[in-house]
file run23.cif (mmCIF, C-alpha atoms)
data_query
#
loop_
_atom_site.group_PDB
_atom_site.id
_atom_site.type_symbol
_atom_site.label_atom_id
_atom_site.label_comp_id
_atom_site.auth_asym_id
_atom_site.auth_seq_id
_atom_site.Cartn_x
_atom_site.Cartn_y
_atom_site.Cartn_z
ATOM 1 C CA MET L 93 191.724 118.123 184.366
ATOM 2 C CA SER L 94 189.280 117.051 187.027
ATOM 3 C CA TRP L 95 185.703 117.869 186.028
ATOM 4 C CA TRP L 96 184.778 118.306 189.676
ATOM 5 C CA ARG L 97 187.044 121.107 190.715
ATOM 6 C CA ARG L 98 187.510 122.014 194.348
ATOM 7 C CA GLY L 99 189.204 124.611 196.411
ATOM 8 C CA GLN L 100 189.214 127.502 193.957
ATOM 9 C CA THR L 101 188.143 130.651 195.779
ATOM 10 C CA ALA L 102 189.603 133.460 193.674
ATOM 11 C CA THR L 103 187.227 136.412 193.384
ATOM 12 C CA ASP L 104 187.948 137.148 189.741
ATOM 13 C CA GLY L 105 189.131 133.801 188.356
ATOM 14 C CA PRO L 106 187.099 130.740 187.499
ATOM 15 C CA LEU L 107 184.606 129.689 190.159
ATOM 16 C CA SER L 108 185.006 126.404 191.996
ATOM 17 C CA CYS L 109 182.257 123.787 191.948
ATOM 18 C CA HIS L 110 181.555 124.551 195.594
ATOM 19 C CA GLU L 111 181.126 128.250 194.831
ATOM 20 C CA VAL L 112 178.865 127.486 191.887
ATOM 21 C CA ALA L 113 176.731 125.227 194.086
ATOM 22 C CA GLU L 114 176.284 128.193 196.442
ATOM 23 C CA LEU L 115 175.396 130.561 193.598
ATOM 24 C CA LEU L 116 173.383 128.198 191.426
ATOM 25 C CA GLN L 117 169.862 128.902 192.713
ATOM 26 C CA GLN L 118 170.315 132.658 192.381
ATOM 27 C CA TYR L 119 171.673 132.154 188.896
ATOM 28 C CA LEU L 120 168.706 129.986 187.835
ATOM 29 C CA ASP L 121 166.272 132.530 189.290
ATOM 30 C CA ASP L 122 167.902 135.434 187.412
ATOM 31 C CA GLU L 123 168.875 136.957 190.733
ATOM 32 C CA SER L 124 172.642 137.101 190.108
ATOM 33 C CA ASP L 125 174.389 140.272 189.023
ATOM 34 C CA GLU L 126 175.659 140.273 185.462
ATOM 35 C CA VAL L 127 179.293 139.556 186.311
ATOM 36 C CA THR L 128 178.463 136.681 188.643
ATOM 37 C CA ALA L 129 175.971 135.256 186.166
ATOM 38 C CA GLY L 130 178.673 135.273 183.505
ATOM 39 C CA ARG L 131 181.130 133.465 185.778
ATOM 40 C CA VAL L 132 178.549 130.851 186.760
ATOM 41 C CA ALA L 133 177.547 130.332 183.119
ATOM 42 C CA ALA L 134 181.199 129.894 182.128
ATOM 43 C CA HIS L 135 181.656 127.257 184.811
ATOM 44 C CA LEU L 136 178.476 125.405 183.818
ATOM 45 C CA ASP L 137 179.653 125.288 180.219
ATOM 46 C CA ASP L 138 182.997 123.923 181.297
ATOM 47 C CA CYS L 139 182.049 121.528 184.102
ATOM 48 C CA GLU L 140 179.952 118.545 183.137
ATOM 49 C CA ARG L 141 178.872 117.689 186.648
ATOM 50 C CA CYS L 142 177.784 121.213 187.598
ATOM 51 C CA GLY L 143 176.125 121.610 184.209
ATOM 52 C CA MET L 144 174.127 118.470 184.875
ATOM 53 C CA GLU L 145 173.239 119.699 188.340
ATOM 54 C CA ALA L 146 171.952 122.942 186.857
ATOM 55 C CA ASP L 147 169.857 120.950 184.382
ATOM 56 C CA VAL L 148 168.278 118.982 187.233
ATOM 57 C CA TYR L 149 167.207 122.178 188.977
ATOM 58 C CA ARG L 150 165.990 123.668 185.692
ATOM 59 C CA GLU L 151 163.786 120.597 185.257
ATOM 60 C CA ILE L 152 162.425 121.001 188.775
ATOM 61 C CA LYS L 153 161.673 124.673 188.159
ATOM 62 C CA ALA L 154 159.997 123.834 184.849
ATOM 63 C CA ALA L 155 157.836 121.164 186.520
ATOM 64 C CA LEU L 156 156.827 123.690 189.186
ATOM 65 C CA ALA L 157 155.952 126.239 186.512
ATOM 66 C CA ARG L 158 153.727 123.648 184.800
ATOM 67 C CA ARG L 159 152.032 123.134 188.144
ATOM 68 C CA ARG L 160 150.923 126.737 188.177
ATOM 69 C CA GLU L 161 147.153 126.566 188.128
ATOM 70 C CA PRO L 162 144.809 128.947 186.356
ATOM 71 C CA LEU L 163 143.208 131.419 188.731
ATOM 72 C CA PRO L 164 139.484 131.015 189.385
ATOM 73 C CA ASP L 165 137.790 133.174 186.737
ATOM 74 C CA VAL L 166 134.984 134.381 188.952
ATOM 75 C CA SER L 167 137.287 135.711 191.660
ATOM 76 C CA VAL L 168 139.660 137.375 189.201
ATOM 77 C CA ARG L 169 136.777 138.993 187.339
ATOM 78 C CA ARG L 170 135.336 140.315 190.584
ATOM 79 C CA LEU L 171 138.689 141.740 191.659
ATOM 80 C CA ARG L 172 139.352 143.324 188.270
ATOM 81 C CA ARG L 173 135.906 144.862 188.295
ATOM 82 C CA LEU L 174 136.560 146.404 191.686
ATOM 83 C CA GLY L 175 139.945 147.671 190.532
ATOM 84 C CA GLU L 176 138.544 149.089 187.319
ATOM 85 C CA ARG L 177 135.738 150.771 189.179
ATOM 86 C CA ILE L 178 138.242 152.486 191.441
ATOM 87 C CA ALA L 179 140.420 153.474 188.482
ATOM 88 C CA ALA L 180 137.439 154.851 186.597
ATOM 89 C CA GLY L 181 136.737 157.324 189.368
ATOM 90 C CA GLY L 182 133.765 155.371 190.560
ATOM 91 C CA VAL L 183 134.867 155.557 194.148
ATOM 92 C CA THR L 184 137.024 157.644 196.426
ATOM 93 C CA ASP L 185 138.216 157.299 199.931
ATOM 94 C CA PRO L 186 137.158 159.879 202.486
ATOM 95 C CA GLY L 187 140.559 159.374 204.162
ATOM 96 C CA MET B 24 128.154 167.623 195.437
ATOM 97 C CA SER B 25 128.837 164.458 193.586
ATOM 98 C CA GLU B 26 131.835 163.217 195.513
ATOM 99 C CA THR B 27 131.907 159.483 195.984
ATOM 100 C CA ARG B 28 132.890 157.957 199.275
ATOM 101 C CA TRP B 29 134.004 154.589 200.450
ATOM 102 C CA ARG B 30 131.548 153.019 202.775
ATOM 103 C CA CYS B 31 134.004 151.686 205.330
ATOM 104 C CA SER B 32 131.713 151.098 208.268
ATOM 105 C CA PRO B 33 130.569 147.513 208.586
ATOM 106 C CA PHE B 34 127.194 148.806 209.817
ATOM 107 C CA PRO B 35 125.515 151.111 207.318
ATOM 108 C CA GLY B 36 123.200 153.503 209.038
ATOM 109 C CA PRO B 37 119.820 154.546 207.705
ATOM 110 C CA GLY B 38 119.794 157.214 205.064
ATOM 111 C CA THR B 39 123.441 156.879 204.155
ATOM 112 C CA GLY B 40 122.704 155.803 200.587
ATOM 113 C CA GLY B 41 124.786 153.550 198.461
ATOM 114 C CA GLU B 42 124.754 149.865 197.933
ATOM 115 C CA TRP B 43 126.326 147.042 199.833
ATOM 116 C CA THR B 44 128.012 144.087 198.407
ATOM 117 C CA THR B 45 129.301 140.997 200.086
ATOM 118 C CA SER B 46 132.703 139.433 200.042
ATOM 119 C CA PRO B 47 133.162 135.695 199.509
ATOM 120 C CA THR B 48 133.422 135.209 203.252
ATOM 121 C CA GLY B 49 130.237 137.124 203.860
ATOM 122 C CA SER B 50 131.761 140.294 205.296
ATOM 123 C CA PRO B 51 130.595 143.589 203.836
ATOM 124 C CA PHE B 52 133.139 145.702 202.071
ATOM 125 C CA VAL B 53 133.318 149.063 200.420
ATOM 126 C CA VAL B 54 131.178 150.052 197.497
ATOM 127 C CA PRO B 55 130.802 153.252 195.540
ATOM 128 C CA VAL B 56 127.858 155.416 196.437
ATOM 129 C CA SER B 57 128.104 157.845 193.537
ATOM 130 C CA LYS B 58 130.187 158.759 190.520
ATOM 131 C CA ARG B 59 132.677 161.612 190.076
ATOM 132 C CA GLU B 60 135.264 162.769 187.574
ATOM 133 C CA PRO B 61 138.471 160.665 187.411
ATOM 134 C CA THR B 62 141.529 162.210 189.053
ATOM 135 C CA SER B 63 145.286 161.785 188.623
ATOM 136 C CA ASP B 64 145.152 159.317 191.531
ATOM 137 C CA ASP B 65 142.689 157.220 189.564
ATOM 138 C CA ALA B 66 145.060 157.229 186.601
ATOM 139 C CA ALA B 67 147.999 156.262 188.818
ATOM 140 C CA PHE B 68 145.905 153.467 190.288
ATOM 141 C CA ALA B 69 145.058 152.207 186.805
ATOM 142 C CA ARG B 70 148.678 152.339 185.718
ATOM 143 C CA HIS B 71 150.354 150.833 188.769
ATOM 144 C CA VAL B 72 147.743 148.628 190.428
ATOM 145 C CA LEU B 73 145.461 147.078 187.813
ATOM 146 C CA PRO B 74 148.250 145.143 186.020
ATOM 147 C CA GLU B 75 149.230 143.526 189.329
ATOM 148 C CA ILE B 76 145.844 142.130 190.338
ATOM 149 C CA ASP B 77 146.565 138.600 189.098
ATOM 150 C CA VAL B 78 149.917 138.472 190.896
ATOM 151 C CA LEU B 79 148.356 139.841 194.066
ATOM 152 C CA TYR B 80 145.684 137.171 193.962
ATOM 153 C CA ARG B 81 148.213 134.402 193.375
ATOM 154 C CA VAL B 82 150.321 135.589 196.303
ATOM 155 C CA ALA B 83 147.229 135.932 198.488
ATOM 156 C CA LEU B 84 146.334 132.318 197.659
ATOM 157 C CA SER B 85 149.812 131.209 198.670
ATOM 158 C CA LEU B 86 149.552 133.102 201.948
ATOM 159 C CA THR B 87 146.003 132.199 202.908
ATOM 160 C CA ARG B 88 145.641 128.794 201.175
ATOM 161 C CA ASN B 89 141.973 129.695 200.811
ATOM 162 C CA ALA B 90 140.316 131.160 197.711
ATOM 163 C CA ALA B 91 137.712 133.250 199.516
ATOM 164 C CA ASP B 92 140.181 134.645 202.050
ATOM 165 C CA ALA B 93 142.594 135.434 199.243
ATOM 166 C CA GLU B 94 139.929 137.439 197.468
ATOM 167 C CA ASP B 95 139.153 139.367 200.659
ATOM 168 C CA VAL B 96 142.838 140.138 201.171
ATOM 169 C CA VAL B 97 143.217 141.439 197.615
ATOM 170 C CA GLN B 98 140.090 143.570 197.923
ATOM 171 C CA GLU B 99 141.473 145.073 201.101
ATOM 172 C CA THR B 100 144.800 145.599 199.338
ATOM 173 C CA LEU B 101 143.165 147.463 196.451
ATOM 174 C CA ILE B 102 141.344 149.736 198.827
ATOM 175 C CA ARG B 103 144.443 150.450 200.898
ATOM 176 C CA ALA B 104 146.457 151.021 197.730
ATOM 177 C CA TYR B 105 143.994 153.610 196.544
ATOM 178 C CA ARG B 106 144.071 155.349 199.899
ATOM 179 C CA SER B 107 147.842 155.684 199.772
ATOM 180 C CA ILE B 108 148.440 156.102 196.055
ATOM 181 C CA GLU B 109 149.148 159.814 196.298
ATOM 182 C CA ARG B 110 152.098 159.031 198.572
ATOM 183 C CA PHE B 111 153.427 156.313 196.263
ATOM 184 C CA ASP B 112 156.411 157.468 194.202
ATOM 185 C CA GLY B 113 155.689 155.230 191.213
ATOM 186 C CA ARG B 114 158.752 153.039 191.671
ATOM 187 C CA HIS B 115 158.454 149.287 192.223
ATOM 188 C CA PRO B 116 154.661 149.113 192.327
ATOM 189 C CA ARG B 117 154.656 145.370 192.911
ATOM 190 C CA ALA B 118 156.858 145.642 195.996
ATOM 191 C CA TRP B 119 154.678 148.467 197.302
ATOM 192 C CA LEU B 120 151.502 146.451 196.715
ATOM 193 C CA LEU B 121 152.945 143.297 198.247
ATOM 194 C CA THR B 122 153.769 145.204 201.418
ATOM 195 C CA ILE B 123 150.181 146.419 201.570
ATOM 196 C CA LEU B 124 148.937 142.889 200.901
ATOM 197 C CA ARG B 125 151.106 141.470 203.665
ATOM 198 C CA ASN B 126 149.650 143.943 206.166
ATOM 199 C CA ALA B 127 146.128 143.255 204.968
ATOM 200 C CA ASN B 128 146.735 139.551 205.498
ATOM 201 C CA VAL B 129 148.187 140.098 208.969
ATOM 202 C CA ASN B 130 145.079 142.078 209.916
ATOM 203 C CA ARG B 131 142.850 139.344 208.562
ATOM 204 C CA THR B 132 144.540 136.654 210.640
ATOM 205 C CA ARG B 133 144.366 138.856 213.734
ATOM 206 C CA ARG B 134 140.643 139.367 213.243
ATOM 207 C CA ARG B 135 139.970 135.709 212.713
ATOM 208 C CA ARG B 136 139.067 133.477 215.621
ATOM 209 C CA PRO B 137 141.207 130.356 215.977
ATOM 210 C CA SER B 138 138.191 128.109 215.410
ATOM 211 C CA LEU B 139 137.747 129.638 211.997
ATOM 212 C CA PHE B 140 141.245 128.924 210.763
ATOM 213 C CA ALA B 141 141.200 127.740 207.215
ATOM 214 C CA ASP B 142 141.822 124.218 206.171
ATOM 215 C CA PRO B 143 145.279 124.560 204.592
ATOM 216 C CA GLU B 144 144.247 122.526 201.580
ATOM 217 C CA GLU B 145 140.966 124.307 201.019
ATOM 218 C CA GLY B 146 142.437 126.861 198.677
ATOM 219 C CA ARG B 147 144.016 124.215 196.515
ATOM 220 C CA ARG B 148 140.823 122.194 196.425
ATOM 221 C CA ALA B 149 138.826 125.281 195.505
ATOM 222 C CA LEU B 150 141.208 125.934 192.659
ATOM 223 C CA GLU B 151 141.101 122.378 191.497
ATOM 224 C CA SER B 152 137.313 122.208 191.643
ATOM 225 C CA GLY B 153 137.134 125.227 189.355
ATOM 226 C CA ASP B 154 139.168 123.514 186.662
ATOM 227 C CA PRO B 155 137.571 121.579 183.861
ATOM 228 C CA GLU B 156 138.053 117.832 183.926
ATOM 229 C CA PRO B 157 141.256 116.915 182.098
ATOM 230 C CA SER B 158 140.753 114.997 178.875
ATOM 231 C CA ALA B 159 141.858 111.390 178.582
ATOM 232 C CA GLU B 160 144.725 112.573 176.455
ATOM 233 C CA GLU B 161 145.804 115.078 179.090
ATOM 234 C CA GLU B 162 145.525 112.423 181.770
ATOM 235 C CA ALA B 163 147.714 110.128 179.706
ATOM 236 C CA THR B 164 150.414 112.748 179.349
ATOM 237 C CA VAL B 165 150.668 113.487 183.058
ATOM 238 C CA ASP B 166 154.338 113.175 183.586
ATOM 239 C CA LEU B 167 155.839 110.972 186.247
ATOM 240 C CA PHE B 168 158.452 113.609 186.886
ATOM 241 C CA ASP B 169 155.851 116.333 187.454
ATOM 242 C CA ALA B 170 153.948 114.074 189.824
ATOM 243 C CA ALA B 171 157.120 113.398 191.783
ATOM 244 C CA VAL B 172 157.924 117.125 191.927
ATOM 245 C CA ALA B 173 154.405 117.775 193.219
ATOM 246 C CA ALA B 174 154.842 115.084 195.883
ATOM 247 C CA ALA B 175 158.212 116.543 196.857
ATOM 248 C CA LEU B 176 156.659 120.001 197.167
ATOM 249 C CA ASP B 177 153.821 118.657 199.289
ATOM 250 C CA GLY B 178 156.354 116.966 201.550
ATOM 251 C CA LEU B 179 158.107 120.208 202.445
ATOM 252 C CA ALA B 180 157.568 121.961 205.771
ATOM 253 C CA PRO B 181 155.186 124.926 205.332
ATOM 254 C CA ARG B 182 157.846 127.634 205.566
ATOM 255 C CA PHE B 183 159.861 125.967 202.820
ATOM 256 C CA ARG B 184 156.891 125.221 200.651
ATOM 257 C CA GLN B 185 155.678 128.803 200.933
ATOM 258 C CA ILE B 186 158.939 130.124 199.532
ATOM 259 C CA VAL B 187 158.778 127.746 196.561
ATOM 260 C CA ASP B 188 155.142 128.751 195.992
ATOM 261 C CA LEU B 189 155.982 132.446 196.022
ATOM 262 C CA VAL B 190 159.081 132.260 193.821
ATOM 263 C CA ASP B 191 158.402 129.367 191.433
ATOM 264 C CA LEU B 192 154.624 129.364 191.176
ATOM 265 C CA ASP B 193 153.773 133.014 191.807
ATOM 266 C CA GLY B 194 156.849 134.377 190.048
ATOM 267 C CA LEU B 195 158.040 136.750 192.769
ATOM 268 C CA SER B 196 161.615 138.000 192.991
ATOM 269 C CA TYR B 197 163.610 137.238 196.144
ATOM 270 C CA GLN B 198 163.118 140.800 197.366
ATOM 271 C CA GLU B 199 159.374 140.657 196.715
ATOM 272 C CA ALA B 200 159.107 137.353 198.590
ATOM 273 C CA ALA B 201 161.121 138.865 201.457
ATOM 274 C CA ASP B 202 158.790 141.874 201.529
ATOM 275 C CA VAL B 203 155.632 139.830 201.559
ATOM 276 C CA LEU B 204 156.869 137.461 204.283
ATOM 277 C CA GLU B 205 158.638 140.241 206.195
ATOM 278 C CA ILE B 206 161.852 138.249 206.421
ATOM 279 C CA PRO B 207 165.415 139.152 205.308
ATOM 280 C CA ILE B 208 166.280 138.369 201.707
ATOM 281 C CA GLY B 209 169.076 136.108 202.999
ATOM 282 C CA THR B 210 166.442 133.982 204.710
ATOM 283 C CA VAL B 211 164.490 133.741 201.456
ATOM 284 C CA MET B 212 167.625 132.518 199.714
ATOM 285 C CA SER B 213 168.583 129.984 202.354
ATOM 286 C CA ARG B 214 165.038 128.590 202.636
ATOM 287 C CA LEU B 215 164.730 128.337 198.881
ATOM 288 C CA HIS B 216 168.100 126.642 198.626
ATOM 289 C CA ARG B 217 167.149 124.098 201.274
ATOM 290 C CA ALA B 218 163.667 123.573 199.847
ATOM 291 C CA ARG B 219 164.950 122.807 196.369
ATOM 292 C CA ARG B 220 167.697 120.634 197.732
ATOM 293 C CA ARG B 221 165.133 118.561 199.632
ATOM 294 C CA MET B 222 162.970 118.272 196.552
ATOM 295 C CA ARG B 223 165.998 117.210 194.580
ATOM 296 C CA GLU B 224 166.844 114.575 197.203
ATOM 297 C CA HIS B 225 163.298 113.260 196.981
ATOM 298 C CA LEU B 226 163.574 112.965 193.198
ATOM 299 C CA ALA B 227 166.947 111.247 193.500
ATOM 300 C CA ALA B 228 165.462 108.747 195.958
ATOM 301 C CA GLU B 229 162.764 108.027 193.369
ATOM 302 C CA GLY B 230 165.475 107.396 190.802
ATOM 303 C CA LEU B 231 164.265 110.258 188.606
ATOM 304 C CA VAL B 232 167.437 112.356 188.775
ATOM 305 C CA PRO B 233 171.081 111.492 189.507
ATOM 306 C CA ARG B 234 172.197 111.371 193.115
ATOM 307 C CA MET B 235 173.498 114.571 194.670
ATOM 308 C CA PRO B 236 177.196 115.262 193.986
ATOM 309 C CA ARG B 237 179.367 115.086 197.070
#

call {"tool": "encode", "arguments": {"input": "run23.cif", "output": "structure tokens"}}
result
Amino acid sequence: MSWWRRGQTATDGPLSCHEVAELLQQYLDDESDEVTAGRVAAHLDDCERCGMEADVYREIKAALARRREPLPDVSVRRLRRLGERIAAGGVTDPG
Amino acid sequence: MSETRWRCSPFPGPGTGGEWTTSPTGSPFVVPVSKREPTSDDAAFARHVLPEIDVLYRVALSLTRNAADAEDVVQETLIRAYRSIERFDGRHPRAWLLTILRNANVNRTRRRRPSLFADPEEGRRALESGDPEPSAEEEATVDLFDAAVAAALDGLAPRFRQIVDLVDLDGLSYQEAADVLEIPIGTVMSRLHRARRRMREHLAAEGLVPRMPR
């Protein structure tokens, strides 16, 4: 069996590599519905090349997540203080 | 009467009481002038808004690329959220807040004169300057792959980079990113797809990942 399958477009059968490529980003971002996610996952388990492609994008996403910088403490503290003051009934809006 | 009022006018008149505070960009913003009993709106604000402050600030940084402007936008968002909290149905607070934040940011850019436009990298530099110096050990473990991903991200056109910032760094859902940028969710998906594909191509050209399948 070819590990790089093409031309399969059935709506309820196995997904083709092309279809998985179209759905992959949504799948990795947890934006797929449950049924679609299951079909993509099944394909990735079965297809070495698509599985590897998914791993590449997972690595990119992980590197981006590591890039996430801590927020400046002073600004966050100031904003939380304002929010807490509002929530504590310290202020109201005349409308 | 002990009712507290926002001081919304930028020009406090004599005898109006209350205290003024200054935003990071120097513009005055609201302050409490007295204390009153908490209401159900206050409780709703605490429940729905306070847990989102960090996310709001992250998104504001991605939109404004400037730490002080981001803080102003979030302050404005908190105030607007409080004003409209009684009309908020309690569902999807983040989406509701992001819509408010988007409008607050649009108003900010309208108010701003072109000559005052922020240096796009200022926000990043401000963030970086607030960080402690990395240790020698941390420096040594800086990964080549991460550096290449950072370079690939920096090489993206702004509209592509912004989507990656919002989804991968700020942790927004597609719908939340669509709300905050006021674009269709399909556009979020296509931009994200293209952005990651370009980053992947960059990494492949560096020999860090396999070439794209054809």

call {"tool": "atom_distance", "arguments": {"input": "run23.cif", "atom1": "atom CA of Glu205 of chain B", "atom2": "atom CA of Ile108 of chain B"}}
result
21.4 Å

call {"tool": "closest_residue", "arguments": {"input": "run23.cif", "among": "L:Glu111, L:Glu140, L:Glu126, L:Glu176", "to": "chain B", "atoms": "all atoms listed in the file"}}
result
L:Glu176

call {"tool": "resolve_selection", "arguments": {"input": "run23.cif", "expression": "the PyMOL selection byres ((chain L and resi 113) around 10)", "output": "PDB file with C-alpha atoms, in the frame of the given file"}}
result
ATOM      1  CA  LEU L 107     184.606 129.689 190.159  1.00  0.00           C
ATOM      2  CA  SER L 108     185.006 126.404 191.996  1.00  0.00           C
ATOM      3  CA  CYS L 109     182.257 123.787 191.948  1.00  0.00           C
ATOM      4  CA  HIS L 110     181.555 124.551 195.594  1.00  0.00           C
ATOM      5  CA  GLU L 111     181.126 128.250 194.831  1.00  0.00           C
ATOM      6  CA  VAL L 112     178.865 127.486 191.887  1.00  0.00           C
ATOM      7  CA  GLU L 114     176.284 128.193 196.442  1.00  0.00           C
ATOM      8  CA  LEU L 115     175.396 130.561 193.598  1.00  0.00           C
ATOM      9  CA  LEU L 116     173.383 128.198 191.426  1.00  0.00           C
ATOM     10  CA  GLN L 117     169.862 128.902 192.713  1.00  0.00           C
ATOM     11  CA  GLN L 118     170.315 132.658 192.381  1.00  0.00           C
ATOM     12  CA  VAL L 132     178.549 130.851 186.760  1.00  0.00           C
ATOM     13  CA  CYS L 142     177.784 121.213 187.598  1.00  0.00           C
ATOM     14  CA  GLU L 145     173.239 119.699 188.340  1.00  0.00           C
ATOM     15  CA  ALA L 146     171.952 122.942 186.857  1.00  0.00           C
TER      16      ALA L 146
ATOM     17  CA  HIS B 216     168.100 126.642 198.626  1.00  0.00           C
ATOM     18  CA  PRO B 236     177.196 115.262 193.986  1.00  0.00           C
TER      19      PRO B 236
END

call {"tool": "atom_distance", "arguments": {"input": "run23.cif", "atom1": "atom CA of Ala173 of chain B", "atom2": "atom CA of Ser213 of chain B"}}
result
20.8 Å

call {"tool": "residues_around", "arguments": {"input": "run23.cif", "residues": "Asp193 of chain B", "least_positions_apart": "3", "cutoff": "8 Å", "atoms": "all atoms listed in the file", "output": "list in words"}}
result
Arg160 of chain L; Val78, Arg81, Val82, Asp188, Leu189 and Val190 of chain B

call {"tool": "interface_residues", "arguments": {"input": "run23.cif", "of": "chain L", "to": "chain B", "cutoff": "8 Å", "atoms": "only C-alpha atoms", "output": "ChimeraX atom specification"}}
result
/L:117-118,123,141,148-149,152-153,155-157,159-164,167-168,171-172,174-176,178-187

call {"tool": "atom_distance", "arguments": {"input": "run23.cif", "atom1": "atom CA of Arg125 of chain B", "atom2": "atom CA of Ala201 of chain B"}}
result
10.6 Å

call {"tool": "residues_around", "arguments": {"input": "run23.cif", "residues": "Arg214 of chain B", "least_positions_apart": "6", "cutoff": "8 Å", "atoms": "all atoms listed in the file", "output": "list in words"}}
result
Arg182, Phe183 and Ile186 of chain B

call {"tool": "closest_residue", "arguments": {"input": "run23.cif", "among": "B:Ala118, B:Ala218, B:Leu79, B:Ala104", "to": "Glu199 of chain B", "atoms": "only C-alpha atoms"}}
result
B:Ala118

call {"tool": "decode", "arguments": {"input": "run23.cif", "residues": "segment 120-132 of chain L", "atoms": "C-alpha atoms", "output": "PDB file, in the first residue's frame"}}
result
ATOM      1  CA  LEU L 120      -3.463  20.483  15.844  1.00  0.00           C
ATOM      2  CA  ASP L 121      -5.228  23.552  17.250  1.00  0.00           C
ATOM      3  CA  ASP L 122      -8.073  21.464  18.723  1.00  0.00           C
ATOM      4  CA  GLU L 123     -10.482  23.211  16.391  1.00  0.00           C
ATOM      5  CA  SER L 124     -11.810  20.084  14.644  1.00  0.00           C
ATOM      6  CA  ASP L 125     -15.101  18.485  15.590  1.00  0.00           C
ATOM      7  CA  GLU L 126     -14.823  15.146  17.343  1.00  0.00           C
ATOM      8  CA  VAL L 127     -15.617  13.007  14.304  1.00  0.00           C
ATOM      9  CA  THR L 128     -13.172  14.830  12.046  1.00  0.00           C
ATOM     10  CA  ALA L 129     -10.491  14.766  14.726  1.00  0.00           C
ATOM     11  CA  GLY L 130     -10.915  11.007  14.997  1.00  0.00           C
ATOM     12  CA  ARG L 131     -10.588  10.549  11.234  1.00  0.00           C
ATOM     13  CA  VAL L 132      -7.492  12.751  11.072  1.00  0.00           C
TER      14      VAL L 132
END
